[in-house]
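Coordinates from protein.tsv are shown below (TSV, C-alpha atoms and all ligand atoms).
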chain	number	residue	atom	x	y	z
O	1	MET	CA	329.57	54.46	112.12
O	2	PRO	CA	327.30	52.61	114.58
O	3	SER	CA	323.57	52.92	114.05
O	4	PRO	CA	322.01	55.91	115.84
O	5	ILE	CA	320.22	54.92	119.03
O	6	ASN	CA	317.89	57.89	119.29
O	7	LEU	CA	316.41	60.67	117.16
O	8	LEU	CA	318.95	63.25	118.31
O	9	GLU	CA	321.80	61.13	116.99
O	10	TYR	CA	320.07	61.01	113.61
O	11	GLU	CA	320.32	64.78	113.46
O	12	THR	CA	324.05	64.65	114.22
O	13	LEU	CA	324.62	62.15	111.42
O	14	ALA	CA	322.44	64.03	108.95
O	15	ARG	CA	324.38	67.19	109.67
O	16	GLU	CA	327.58	65.45	108.61
O	17	ARG	CA	326.01	64.19	105.40
O	18	LEU	CA	323.98	67.08	104.05
O	19	PRO	CA	325.37	70.18	102.33
O	20	ARG	CA	325.53	72.94	104.93
O	21	PRO	CA	322.84	75.23	103.43
O	22	ILE	CA	320.41	72.31	103.18
O	23	TYR	CA	321.08	71.20	106.76
O	24	ASP	CA	320.61	74.80	107.93
O	25	PHE	CA	317.35	75.12	105.98
O	26	ILE	CA	315.89	72.02	107.62
O	27	ALA	CA	317.25	72.56	111.12
O	28	GLY	CA	316.75	76.29	111.37
O	29	GLY	CA	314.09	78.54	112.82
O	30	ALA	CA	313.05	82.16	112.44
O	31	GLU	CA	315.17	85.10	113.63
O	32	ASP	CA	316.72	84.45	117.08
O	33	GLU	CA	315.32	80.90	117.19
O	34	VAL	CA	313.84	81.52	120.64
O	35	THR	CA	310.75	79.49	119.78
O	36	LEU	CA	312.80	76.75	118.16
O	37	ARG	CA	314.67	76.25	121.44
O	38	ALA	CA	311.49	76.68	123.51
O	39	ASN	CA	309.90	73.71	121.75
O	40	ARG	CA	312.59	71.40	123.18
O	41	GLU	CA	312.97	73.11	126.53
O	42	ALA	CA	309.24	72.98	127.26
O	43	PHE	CA	309.20	69.18	126.99
O	44	GLN	CA	312.31	68.89	129.12
O	45	ARG	CA	310.76	71.09	131.82
O	46	LEU	CA	307.60	69.02	132.10
O	47	GLN	CA	308.00	66.24	134.64
O	48	LEU	CA	306.37	62.82	134.70
O	49	LEU	CA	304.73	61.37	137.81
O	50	PRO	CA	304.34	57.64	137.17
O	51	ARG	CA	301.74	55.30	138.62
O	52	ALA	CA	302.99	52.11	140.23
O	53	LEU	CA	301.75	48.50	140.24
O	54	ALA	CA	299.63	48.93	137.13
O	55	ASP	CA	300.30	45.56	135.39
O	56	VAL	CA	302.04	46.65	132.24
O	57	SER	CA	302.94	43.14	131.13
O	58	SER	CA	301.40	44.08	127.82
O	59	VAL	CA	301.39	47.63	126.49
O	60	ASP	CA	299.27	48.70	123.50
O	61	PRO	CA	300.44	52.00	121.94
O	62	SER	CA	297.81	52.01	119.16
O	63	THR	CA	295.10	54.65	118.87
O	64	THR	CA	292.56	56.13	116.46
O	65	VAL	CA	292.64	59.65	115.00
O	66	LEU	CA	289.88	60.94	112.69
O	67	GLY	CA	288.70	57.38	112.29
O	68	THR	CA	292.14	56.11	111.21
O	69	ARG	CA	293.86	53.44	113.25
O	70	LEU	CA	297.48	54.33	114.09
O	71	SER	CA	299.98	51.77	115.38
O	72	PHE	CA	301.17	54.52	117.73
O	73	PRO	CA	300.16	58.18	118.07
O	74	VAL	CA	302.87	59.73	115.87
O	75	ILE	CA	302.08	61.18	112.43
O	76	LEU	CA	304.54	62.51	109.84
O	77	ALA	CA	304.19	66.31	109.64
O	78	PRO	CA	304.11	68.08	106.28
O	79	VAL	CA	307.65	69.00	105.25
O	80	ALA	CA	308.47	70.62	101.91
O	81	LEU	CA	310.77	69.05	99.31
O	82	HIS	CA	311.85	65.68	100.70
O	83	LYS	CA	314.20	65.24	97.73
O	84	LEU	CA	316.54	67.62	99.53
O	85	ALA	CA	317.27	64.71	101.89
O	86	ASN	CA	317.12	61.76	99.48
O	87	PRO	CA	316.24	61.27	95.78
O	88	GLN	CA	313.36	58.95	96.77
O	89	GLY	CA	311.86	61.85	98.72
O	90	GLU	CA	308.16	61.64	99.54
O	91	LEU	CA	307.86	58.22	97.88
O	92	ALA	CA	310.11	56.80	100.58
O	93	THR	CA	308.43	58.61	103.46
O	94	ALA	CA	304.92	57.68	102.32
O	95	ARG	CA	305.88	54.00	101.95
O	96	THR	CA	307.54	53.97	105.35
O	97	ALA	CA	304.58	55.61	107.09
O	98	ALA	CA	302.27	52.96	105.64
O	99	ALA	CA	304.58	50.13	106.71
O	100	ALA	CA	304.82	51.62	110.21
O	101	GLY	CA	301.03	51.88	110.47
O	102	THR	CA	300.76	55.64	110.56
O	103	VAL	CA	299.68	58.66	108.52
O	104	VAL	CA	301.91	60.76	106.28
O	105	THR	CA	300.96	64.38	105.66
O	106	LEU	CA	302.07	65.46	102.20
O	107	SER	CA	303.11	69.10	101.83
O	108	THR	CA	301.68	71.19	98.99
O	109	MET	CA	305.36	71.94	98.35
O	110	SER	CA	306.31	68.28	97.87
O	111	SER	CA	309.01	67.31	95.39
O	112	TYR	CA	306.96	64.39	94.03
O	113	ARG	CA	303.47	64.98	92.70
O	114	ILE	CA	300.34	64.14	94.68
O	115	GLU	CA	299.51	61.33	92.23
O	116	GLU	CA	303.01	59.82	92.36
O	117	VAL	CA	302.90	59.66	96.15
O	118	ALA	CA	299.44	58.11	96.07
O	119	ALA	CA	300.69	55.46	93.65
O	120	ALA	CA	303.66	54.70	95.91
O	121	SER	CA	301.59	53.98	99.01
O	122	ASP	CA	298.02	53.01	99.74
O	123	GLY	CA	298.46	53.75	103.46
O	124	PRO	CA	296.54	56.61	105.08
O	125	LYS	CA	297.57	60.02	103.76
O	126	TRP	CA	296.60	63.59	104.59
O	127	PHE	CA	297.23	66.55	102.30
O	128	GLN	CA	298.60	69.83	103.66
O	129	LEU	CA	297.37	72.89	101.82
O	130	TYR	CA	298.92	76.26	101.15
O	131	VAL	CA	296.24	78.43	99.57
O	132	HIS	CA	297.37	79.94	96.27
O	133	PRO	CA	296.19	83.48	95.49
O	134	ASP	CA	294.34	82.00	92.48
O	135	ARG	CA	291.51	80.00	94.07
O	136	GLU	CA	291.07	77.91	90.92
O	137	ILE	CA	294.62	76.61	91.32
O	138	THR	CA	293.90	75.91	94.99
O	139	LYS	CA	290.69	74.11	94.10
O	140	ARG	CA	292.49	71.90	91.59
O	141	LEU	CA	295.12	70.95	94.21
O	142	VAL	CA	292.42	69.98	96.69
O	143	ALA	CA	290.45	68.00	94.07
O	144	ARG	CA	293.60	66.14	93.01
O	145	ALA	CA	294.34	65.15	96.61
O	146	GLU	CA	290.79	63.96	97.18
O	147	GLU	CA	290.77	62.08	93.88
O	148	ALA	CA	294.08	60.42	94.78
O	149	GLY	CA	292.62	59.06	98.00
O	150	PHE	CA	293.97	61.47	100.62
O	151	SER	CA	291.62	61.29	103.60
O	152	ALA	CA	292.00	64.69	105.30
O	153	LEU	CA	292.95	68.23	104.40
O	154	VAL	CA	295.38	70.10	106.65
O	155	LEU	CA	295.17	73.84	106.09
O	156	THR	CA	298.29	75.63	107.32
O	157	VAL	CA	297.26	78.94	108.86
O	158	ASP	CA	300.52	80.31	110.25
O	159	VAL	CA	302.18	81.32	106.96
O	160	PRO	CA	300.64	84.55	105.62
O	161	ARG	CA	304.30	85.26	104.89
O	162	LEU	CA	307.25	82.96	105.22
O	163	GLY	CA	309.07	83.56	108.53
O	164	ARG	CA	312.51	85.05	108.20
O	165	ARG	CA	314.97	82.21	108.58
O	166	GLU	CA	318.20	84.10	108.66
O	167	ALA	CA	320.46	81.16	107.89
O	168	ASP	CA	318.77	80.83	104.50
O	169	PHE	CA	319.46	84.49	103.75
O	170	ARG	CA	323.05	84.16	104.90
O	171	ASN	CA	323.52	81.03	102.76
O	172	GLN	CA	321.70	82.57	99.78
O	173	LEU	CA	319.67	79.35	99.77
O	174	THR	CA	318.93	77.77	96.41
O	175	PHE	CA	317.73	74.24	95.72
O	176	PRO	CA	319.53	71.67	93.55
O	177	GLU	CA	318.40	71.05	89.98
O	178	GLY	CA	315.18	69.04	89.90
O	179	VAL	CA	314.08	69.90	93.43
O	180	PHE	CA	311.05	72.16	93.29
O	181	PRO	CA	307.35	72.16	94.23
O	182	VAL	CA	306.12	69.98	91.35
O	183	ASN	CA	302.44	70.05	92.32
O	184	TYR	CA	302.19	73.38	90.56
O	185	LEU	CA	303.49	71.89	87.28
O	186	GLY	CA	300.99	72.57	84.56
O	187	GLU	CA	299.81	75.74	86.27
O	188	ALA	CA	300.99	78.76	84.29
O	189	GLU	CA	302.45	80.45	87.34
O	190	LEU	CA	305.21	77.89	87.70
O	191	ASP	CA	306.97	79.33	84.66
O	192	SER	CA	307.55	82.52	86.58
O	193	LEU	CA	308.50	80.85	89.86
O	194	PRO	CA	311.86	82.20	90.99
O	195	VAL	CA	314.64	79.61	91.16
O	196	GLN	CA	317.15	82.10	92.45
O	197	ALA	CA	316.76	85.07	94.73
O	198	GLN	CA	318.62	87.70	96.67
O	199	GLY	CA	318.40	85.85	99.98
O	200	SER	CA	316.27	82.71	100.31
O	201	VAL	CA	314.75	81.13	97.21
O	202	LEU	CA	312.04	79.56	99.36
O	203	ALA	CA	311.01	82.94	100.71
O	204	ALA	CA	310.77	84.19	97.12
O	205	GLN	CA	308.71	81.18	96.01
O	206	GLY	CA	306.45	81.39	99.07
O	207	ALA	CA	305.66	85.00	98.26
O	208	VAL	CA	304.30	83.89	94.86
O	209	LEU	CA	302.55	80.69	95.92
O	210	ILE	CA	300.95	81.52	99.30
O	211	ASP	CA	298.09	83.98	99.69
O	212	PRO	CA	298.51	86.46	102.57
O	213	ALA	CA	294.81	87.39	102.21
O	214	LEU	CA	293.71	84.00	103.59
O	215	SER	CA	290.85	84.45	106.09
O	216	TRP	CA	288.07	82.57	107.89
O	217	ARG	CA	285.89	82.99	104.77
O	218	ASP	CA	288.32	80.72	102.93
O	219	VAL	CA	287.85	78.06	105.58
O	220	ASP	CA	284.12	77.97	104.74
O	221	TRP	CA	284.91	77.99	101.03
O	222	LEU	CA	287.33	75.08	101.42
O	223	ARG	CA	284.74	73.06	103.29
O	224	SER	CA	282.32	73.71	100.44
O	225	VAL	CA	284.73	72.37	97.78
O	226	THR	CA	285.80	69.15	99.50
O	227	SER	CA	284.29	66.40	101.56
O	228	MET	CA	287.63	65.67	103.23
O	229	PRO	CA	287.61	66.57	106.93
O	230	LEU	CA	289.50	69.80	107.52
O	231	LEU	CA	292.20	70.39	110.13
O	232	LEU	CA	293.80	73.75	110.84
O	233	LYS	CA	297.54	73.62	111.45
O	234	GLY	CA	299.28	76.45	113.25
O	235	VAL	CA	296.65	77.63	115.72
O	236	LEU	CA	298.10	78.99	118.98
O	237	HIS	CA	295.46	81.41	120.29
O	238	PRO	CA	292.55	79.87	122.25
O	239	GLU	CA	290.17	82.40	120.66
O	240	ASP	CA	291.15	81.14	117.21
O	241	ALA	CA	290.47	77.61	118.37
O	242	LEU	CA	286.95	78.70	119.31
O	243	ILE	CA	286.40	80.42	115.97
O	244	ALA	CA	287.67	77.28	114.21
O	245	LEU	CA	284.94	75.28	115.94
O	246	GLU	CA	282.30	77.68	114.59
O	247	HIS	CA	283.68	77.05	111.11
O	248	GLY	CA	283.19	73.31	111.39
O	249	VAL	CA	286.76	72.05	111.42
O	250	ALA	CA	287.36	68.41	112.31
O	251	GLY	CA	290.60	69.06	114.14
O	252	ILE	CA	293.28	71.52	115.20
O	253	ILE	CA	297.03	71.04	115.10
O	254	VAL	CA	298.53	73.24	117.80
O	255	SER	CA	301.82	74.26	116.23
O	256	ASN	CA	304.34	77.04	115.79
O	257	HIS	CA	305.67	75.50	112.57
O	258	GLY	CA	308.69	74.10	114.35
O	259	GLY	CA	309.83	77.60	115.35
O	260	ARG	CA	310.11	78.66	111.70
O	261	GLN	CA	307.44	81.38	111.57
O	262	LEU	CA	306.84	84.02	114.27
O	263	ASP	CA	309.73	83.99	116.70
O	264	THR	CA	309.12	84.27	120.48
O	265	VAL	CA	305.73	82.56	120.40
O	266	PRO	CA	305.44	79.92	123.12
O	267	ALA	CA	306.22	76.25	122.67
O	268	ALA	CA	303.16	74.52	121.23
O	269	ILE	CA	303.07	72.07	124.16
O	270	ASP	CA	302.82	75.02	126.57
O	271	VAL	CA	299.66	76.41	124.94
O	272	LEU	CA	298.03	73.02	124.40
O	273	PRO	CA	296.32	72.97	127.85
O	274	GLU	CA	294.60	76.33	127.19
O	275	ILE	CA	293.32	75.07	123.86
O	276	VAL	CA	292.21	71.77	125.38
O	277	GLU	CA	290.18	73.76	127.89
O	278	VAL	CA	288.25	75.84	125.35
O	279	VAL	CA	287.79	73.04	122.81
O	280	ALA	CA	286.47	70.72	125.55
O	281	GLY	CA	286.67	67.53	123.51
O	282	ARG	CA	284.59	68.80	120.57
O	283	VAL	CA	287.28	68.16	117.89
O	284	GLU	CA	290.55	66.28	117.63
O	285	LEU	CA	293.59	68.12	118.95
O	286	LEU	CA	297.09	67.36	117.77
O	287	VAL	CA	300.37	69.05	118.56
O	288	ASP	CA	303.83	69.31	117.01
O	289	GLY	CA	307.17	71.00	117.60
O	290	GLY	CA	310.20	69.59	119.38
O	291	ILE	CA	309.00	66.02	119.83
O	292	ARG	CA	312.15	63.89	119.96
O	293	ARG	CA	311.49	61.31	122.71
O	294	GLY	CA	308.84	58.78	123.62
O	295	THR	CA	308.33	60.68	126.88
O	296	ASP	CA	307.51	63.81	124.80
O	297	VAL	CA	304.76	61.88	123.01
O	298	LEU	CA	303.38	60.67	126.32
O	299	LYS	CA	303.41	64.18	127.80
O	300	ALA	CA	301.52	65.55	124.78
O	301	LEU	CA	298.85	62.87	125.11
O	302	ALA	CA	298.60	63.38	128.88
O	303	LEU	CA	297.98	67.09	128.25
O	304	GLY	CA	295.12	66.33	125.87
O	305	ALA	CA	296.47	65.68	122.36
O	306	SER	CA	295.15	62.63	120.56
O	307	ALA	CA	298.39	62.33	118.59
O	308	VAL	CA	301.55	64.27	117.75
O	309	LEU	CA	303.38	65.07	114.54
O	310	ILE	CA	307.11	65.00	113.97
O	311	GLY	CA	308.89	67.01	111.28
O	312	ARG	CA	312.66	67.23	111.26
O	313	PRO	CA	313.45	63.84	112.86
O	314	TYR	CA	312.07	61.76	110.00
O	315	ILE	CA	313.82	64.00	107.47
O	316	TRP	CA	317.10	63.27	109.28
O	317	GLY	CA	316.24	59.57	108.96
O	318	LEU	CA	315.61	60.05	105.25
O	319	ALA	CA	318.93	61.85	104.80
O	320	VAL	CA	320.91	59.21	106.68
O	321	GLY	CA	319.31	56.00	105.45
O	322	GLY	CA	316.51	56.62	102.94
O	323	GLU	CA	313.43	54.49	103.55
O	324	SER	CA	315.13	52.36	106.20
O	325	GLY	CA	316.35	55.48	107.99
O	326	VAL	CA	312.80	56.82	108.29
O	327	SER	CA	311.61	53.41	109.38
O	328	HIS	CA	314.31	53.23	112.06
O	329	VAL	CA	313.43	56.71	113.36
O	330	LEU	CA	309.80	55.66	113.74
O	331	SER	CA	310.67	52.40	115.40
O	332	LEU	CA	313.04	54.10	117.87
O	333	LEU	CA	310.32	56.58	118.83
O	334	ARG	CA	307.73	53.85	119.11
O	335	THR	CA	309.98	51.74	121.35
O	336	GLU	CA	310.63	54.77	123.56
O	337	PHE	CA	306.91	55.56	123.71
O	338	GLU	CA	306.10	51.99	124.75
O	339	MET	CA	308.78	52.23	127.43
O	340	ALA	CA	307.33	55.55	128.66
O	341	MET	CA	303.86	53.96	128.81
O	342	ALA	CA	305.13	50.97	130.78
O	343	LEU	CA	307.14	53.08	133.21
O	344	THR	CA	304.22	55.46	133.87
O	345	GLY	CA	301.84	52.54	134.38
O	346	CYS	CA	299.79	52.84	131.20
O	347	ALA	CA	298.81	49.62	129.43
O	348	SER	CA	296.80	51.50	126.81
O	349	VAL	CA	296.73	55.01	125.34
O	350	SER	CA	293.40	55.74	127.06
O	351	GLU	CA	295.18	55.43	130.43
O	352	ILE	CA	297.47	58.38	129.63
O	353	THR	CA	295.85	61.10	131.73
O	354	PRO	CA	296.76	64.65	132.90
O	355	GLY	CA	297.77	63.46	136.37
O	356	LEU	CA	300.93	61.91	134.91
O	357	VAL	CA	302.42	65.32	134.11
O	358	ARG	CA	303.67	67.84	136.59
O	359	ARG	CA	304.69	71.39	135.82
O	360	PRO	CA	307.26	72.45	138.42
O	361	GLN	CA	306.53	75.80	140.06
O	362	ALA	CA	308.77	78.62	138.84
O	363	ALA	CA	311.32	79.73	141.42
O	364	PRO	CA	310.04	82.78	143.39
S	401	LIG	C1	312.27	71.74	106.38
S	401	LIG	C2	310.84	71.95	106.86
S	401	LIG	C3	309.84	72.18	105.92
S	401	LIG	C4	308.52	72.34	106.35
S	401	LIG	N1	307.54	72.49	105.41
S	401	LIG	C5	306.25	72.62	105.81
S	401	LIG	C6	305.22	72.70	104.84
S	401	LIG	O1	305.45	72.64	103.64
S	401	LIG	N2	303.95	72.88	105.30
S	401	LIG	C7	303.66	72.94	106.64
S	401	LIG	O2	302.49	73.10	107.02
S	401	LIG	N3	304.62	72.83	107.57
S	401	LIG	C8	305.91	72.66	107.19
S	401	LIG	N4	306.87	72.52	108.14
S	401	LIG	C9	306.53	72.48	109.58
S	401	LIG	C10	306.23	71.04	110.04
S	401	LIG	O3	305.03	70.57	109.48
S	401	LIG	C11	306.09	70.92	111.56
S	401	LIG	O4	305.14	71.85	112.02
S	401	LIG	C12	307.40	71.13	112.33
S	401	LIG	O5	308.50	70.62	111.61
S	401	LIG	C13	307.29	70.43	113.68
S	401	LIG	O6	308.43	70.64	114.44
S	401	LIG	P1	309.67	69.59	114.58
S	401	LIG	O7	310.43	69.71	113.29
S	401	LIG	O8	310.39	70.10	115.76
S	401	LIG	O9	309.08	68.19	114.77
S	401	LIG	C14	308.22	72.33	107.74
S	401	LIG	C15	309.24	72.11	108.67
S	401	LIG	C16	310.53	71.90	108.25
S	401	LIG	C17	311.59	71.63	109.27

Show me, as structure tokens, the structure contained in the file I just sent.
Ligand SMILES: Cc1cc2nc3c(=O)[nH]c(=O)nc-3n(C[C@H](O)[C@H](O)[C@H](O)COP(=O)(O)O)c2cc1C
Amino acid sequence: MPSPINLLEYETLARERLPRPIYDFIAGGAEDEVTLRANREAFQRLQLLPRALADVSSVDPSTTVLGTRLSFPVILAPVALHKLANPQGELATARTAAAAGTVVTLSTMSSYRIEEVAAASDGPKWFQLYVHPDREITKRLVARAEEAGFSALVLTVDVPRLGRREADFRNQLTFPEGVFPVNYLGEAELDSLPVQAQGSVLAAQGAVLIDPALSWRDVDWLRSVTSMPLLLKGVLHPEDALIALEHGVAGIIVSNHGGRQLDTVPAAIDVLPEIVEVVAGRVELLVDGGIRRGTDVLKALALGASAVLIGRPYIWGLAVGGESGVSHVLSLLRTEFEMAMALTGCASVSEITPGLVRRPQAAP
């Protein structure tokens, strides 16, 4: 099998290699998957209007986000249980992110412990938080991440309940032996964590581990228990972006959880401009969902994001080729992004401006 030449081909290969229920779990979205499809379609609908004669003999794709230098503006999104794709799991993805000069965001639901991942890589790492109903457990998770050298906290705000991913119910999803959210080991609740369920085991675990009572008060509380800068992930409403500013967040990740939560919400890239307008440069804005091409990254930056996150594509890389698969996925995307910069006339990331993107008028 020849080496994949783009991120989409990685998905095709991963599909052939992974057990069907695991592939479906990773690839799938909620209910009718309208939002899942919208994430891709929105990028394809946006057009680029390049500038000519810009001297792009040298192109620099590097940038800085929350004070961290990135070799290019693509960060690894938090994805649960990397061992589903490869036994090296998060150890491999964290090492690869560091080697590629970018940030990895470790999920609370990782299949290696916070401390193991920190020991595997001294590159920049963010920790994604699901708030447990027991705030003492939550506090210990946050303290462990800070202690282990994670440099930002990403609070996911779009999962008061786990979205209904019907494929997982159809497949009666369970995880292989040894693949579970180990960060809760040592906390009494793990003993009672369901490993089998009528329907999706993840939905059953989420119902135990994630607090549906999460509110803005918890955002203040979190800021009081950590000195890590706080980002909110999963904001779509401009009013929530404004409230987030009042609560002192350092950044917002505009996201619909890769189409896995509330179905029929818009593509994240389509709401980004409204959020850019209300936030008016006061905090960092990032976006994820459906980014598969270098031109997608460029469009997101042109519309006001300082960087993007990718989820599924690097997991496909992990499934196909372990550490080198993830590395290849990142290098393909980086090469495409550099090409998109050159062809739109941008020698540096600061030259990527809104005028490069055109939204075609809808037919009357
Ligand atoms: C298999 C899978 C597991 C995920 N687990 C988490 C998680 O634990 N925490 C979280 O905040 N987001 C999680 N996400 C959402 C991603 O962080 C990200 O928002 C999404 O994958 C971006 O869309 P993309 O996959 O199209 O790039 C998960 C996504 C997938 C596909």

Find the residues of chain O that sit at most 8 Å from ligand LIG 401 (chain S); for each, write down the nearest two atoms and how far apart they are in Å, to one decimal. Count all atoms listed in the file. Sort by chain, then by number going up, and give it as a Markdown table.
| residue | atom | partner | partner_atom | distance |
| --- | --- | --- | --- | --- |
| O:Phe25 | CA | S:LIG401 | C1 | 6.1 |
| O:Ile26 | CA | S:LIG401 | C1 | 3.8 |
| O:Ala27 | CA | S:LIG401 | C17 | 6.0 |
| O:Gly28 | CA | S:LIG401 | C17 | 7.3 |
| O:Leu36 | CA | S:LIG401 | O8 | 7.5 |
| O:Asn39 | CA | S:LIG401 | O8 | 7.0 |
| O:Arg40 | CA | S:LIG401 | O8 | 7.8 |
| O:Ala77 | CA | S:LIG401 | O3 | 4.3 |
| O:Pro78 | CA | S:LIG401 | O3 | 4.2 |
| O:Val79 | CA | S:LIG401 | N1 | 3.5 |
| O:Ala80 | CA | S:LIG401 | O1 | 4.0 |
| O:Leu81 | CA | S:LIG401 | C3 | 7.4 |
| O:Ser107 | CA | S:LIG401 | O1 | 4.6 |
| O:Thr108 | CA | S:LIG401 | O1 | 6.2 |
| O:Met109 | CA | S:LIG401 | O1 | 5.3 |
| O:Ser110 | CA | S:LIG401 | O1 | 7.3 |
| O:Gln128 | CA | S:LIG401 | O2 | 6.1 |
| O:Leu129 | CA | S:LIG401 | O2 | 7.3 |
| O:Tyr130 | CA | S:LIG401 | N2 | 7.3 |
| O:Val154 | CA | S:LIG401 | O2 | 7.7 |
| O:Leu155 | CA | S:LIG401 | O2 | 7.4 |
| O:Thr156 | CA | S:LIG401 | O2 | 4.9 |
| O:Lys233 | CA | S:LIG401 | O2 | 6.7 |
| O:Gly234 | CA | S:LIG401 | O4 | 7.6 |
| O:Ser255 | CA | S:LIG401 | O4 | 5.9 |
| O:Asn256 | CA | S:LIG401 | O4 | 6.5 |
| O:His257 | CA | S:LIG401 | O4 | 3.7 |
| O:Gly258 | CA | S:LIG401 | O6 | 3.5 |
| O:Gly259 | CA | S:LIG401 | O6 | 7.2 |
| O:Arg260 | CA | S:LIG401 | C15 | 7.3 |
| O:Asp288 | CA | S:LIG401 | C13 | 4.9 |
| O:Gly289 | CA | S:LIG401 | O6 | 3.4 |
| O:Gly290 | CA | S:LIG401 | O8 | 3.7 |
| O:Ile291 | CA | S:LIG401 | O9 | 5.5 |
| O:Arg292 | CA | S:LIG401 | O9 | 7.4 |
| O:Leu309 | CA | S:LIG401 | O9 | 6.5 |
| O:Ile310 | CA | S:LIG401 | O9 | 3.8 |
| O:Gly311 | CA | S:LIG401 | O5 | 3.6 |
| O:Arg312 | CA | S:LIG401 | O7 | 3.9 |
| O:Pro313 | CA | S:LIG401 | O9 | 6.5 |
| O:Ile315 | CA | S:LIG401 | C1 | 8.0 |

Could you work out an axis-aligned bounding box for all listed atoms of region 148-159 of chain O, with 5 Å added on each of the six sides, and give its centre and edge lengths in Å to one decimal, as AutoDock Vina command-line options?
--center_x 296.9 --center_y 70.2 --center_z 102.5 --size_x 20.6 --size_y 32.3 --size_z 25.5

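Distances here use only C-alpha atoms; by that measure, the residue among O:Ala30, O:Ala120, O:Val254, O:Leu48 closest to Gly89 (chain O) is O:Ala120.
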
Distance criterion (all atoms listed in the file): nearest to Pro61 (chain O) out of O:Ser331, O:Gln198, O:Ser348, O:Thr353: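 Closest to Pro61 (chain O), using all atoms listed in the file: O:Ser348.
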
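For the pair CA of Glu351 (chain O) and CA of Gly304 (chain O), the interatomic distance is 11.8 Å.
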
Pick from O:Arg161, O:Ile352, O:Val219, O:Ala300 nearest to Asp270 (chain O), counting all atoms listed in the file: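 Counting all atoms listed in the file, the residue closest to Asp270 (chain O) is O:Ala300.
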
Which residue of O:Ala241, O:Leu76, O:Val249, O:Val142 approaches Leu106 (chain O) most closely, using only C-alpha atoms: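 Of O:Ala241, O:Leu76, O:Val249, O:Val142, the one nearest Leu106 (chain O), counting only C-alpha atoms, is O:Leu76.
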
Counting all atoms listed in the file, the residue of O:Gly251, O:Pro176, O:Thr264, O:Pro124 that sits nearest Gly163 (chain O):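 With all atoms listed in the file as the atom set, the closest residue is O:Thr264.
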
Distance in Å - CA of His328 (chain O) versus CA of Ile22 (chain O): 21.9 Å

Nearby residues (all atoms listed in the file) at most 10 Å from Ala42 (chain O), same-chain spacing under 5 positions excluded, as a ChimeraX atom specification: /O:37,266-270,290,296,359

Among listed residues O:Val326, O:Ala307, O:Leu318, O:Ala302, nearest Thr63 (chain O) (using only C-alpha atoms):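 Under the stated criterion, the closest residue is O:Ala307.
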
Coordinates-based distance that separates CA of Glu33 (chain O) from CA of Leu230 (chain O) (Å, one decimal):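 Taking CA of Leu230 (chain O) as the start and CA of Glu33 (chain O) as the end point, the length is 29.7 Å.
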
Near Pro73 (chain O), counting all atoms listed in the file, which residues have an atom at most 9 Å away, once you skip same-chain residues fewer than 2 positions from it, shown as a compact mmCIF listing (two decimals) with C-alpha atoms, keeping the file's coordinate frame?
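File produced: out-v5.txt:
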# COMPACT_ATOMS: atom_id res chain seq x y z
CA PRO O 61 300.44 52.00 121.94
CA SER O 62 297.81 52.01 119.16
CA THR O 63 295.10 54.65 118.87
CA THR O 64 292.56 56.13 116.46
CA VAL O 65 292.64 59.65 115.00
CA LEU O 70 297.48 54.33 114.09
CA SER O 71 299.98 51.77 115.38
CA ILE O 75 302.08 61.18 112.43
CA THR O 102 300.76 55.64 110.56
CA VAL O 297 304.76 61.88 123.01
CA LEU O 301 298.85 62.87 125.11
CA SER O 306 295.15 62.63 120.56
CA ALA O 307 298.39 62.33 118.59
CA VAL O 308 301.55 64.27 117.75
CA LEU O 309 303.38 65.07 114.54
CA ARG O 334 307.73 53.85 119.11
CA VAL O 349 296.73 55.01 125.34

Polymer residues at most 10 Å from Glu147 (chain O), only C-alpha atoms, same-chain spacing of 3 or more positions, as a list in words: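 Once the adjacent positions are removed, what remains is Ile114, Glu115, Ala118, Leu141, Val142, Ala143, Arg144, Phe150 and Ser151 of chain O.
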
Those residues with C-alpha atoms, as a tab-separated table (two decimals), keeping the file's coordinate frame please?
chain	number	residue	atom	x	y	z
O	114	ILE	CA	300.34	64.14	94.68
O	115	GLU	CA	299.51	61.33	92.23
O	118	ALA	CA	299.44	58.11	96.07
O	141	LEU	CA	295.12	70.95	94.21
O	142	VAL	CA	292.42	69.98	96.69
O	143	ALA	CA	290.45	68.00	94.07
O	144	ARG	CA	293.60	66.14	93.01
O	150	PHE	CA	293.97	61.47	100.62
O	151	SER	CA	291.62	61.29	103.60

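Using all atoms listed in the file, the residues found no farther than 12 Å from Gly186 (chain O), other than those of its own chain fewer than 5 positions away, are Arg113, Ile137, Arg140, Leu141, Pro181 and Asp191 of chain O.
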
Polymer residues at most 6 Å from (314.2, 85.9, 103.3) by all atoms listed in the file, as a list in words: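 Selection result: Arg164, Phe169, Gly199, Ser200 and Ala203 of chain O.
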
Ala52 (chain O) surroundings by only C-alpha atoms, 9 Å radius, close-in-sequence under 4 positions cut, as a VMD selection string: chain O and resid 343 to 345

Cut-off 9 Å around (312.8, 67.5, 95.1) with all atoms listed in the file: residues as a list in words: Ala80, Leu81, His82, Lys83, Leu84, Ala85, Asn86, Pro87, Gln88, Gly89, Glu90, Ser110, Ser111, Tyr112, Phe175, Pro176, Glu177, Gly178, Val179, Phe180, Pro181 and Val182 of chain O
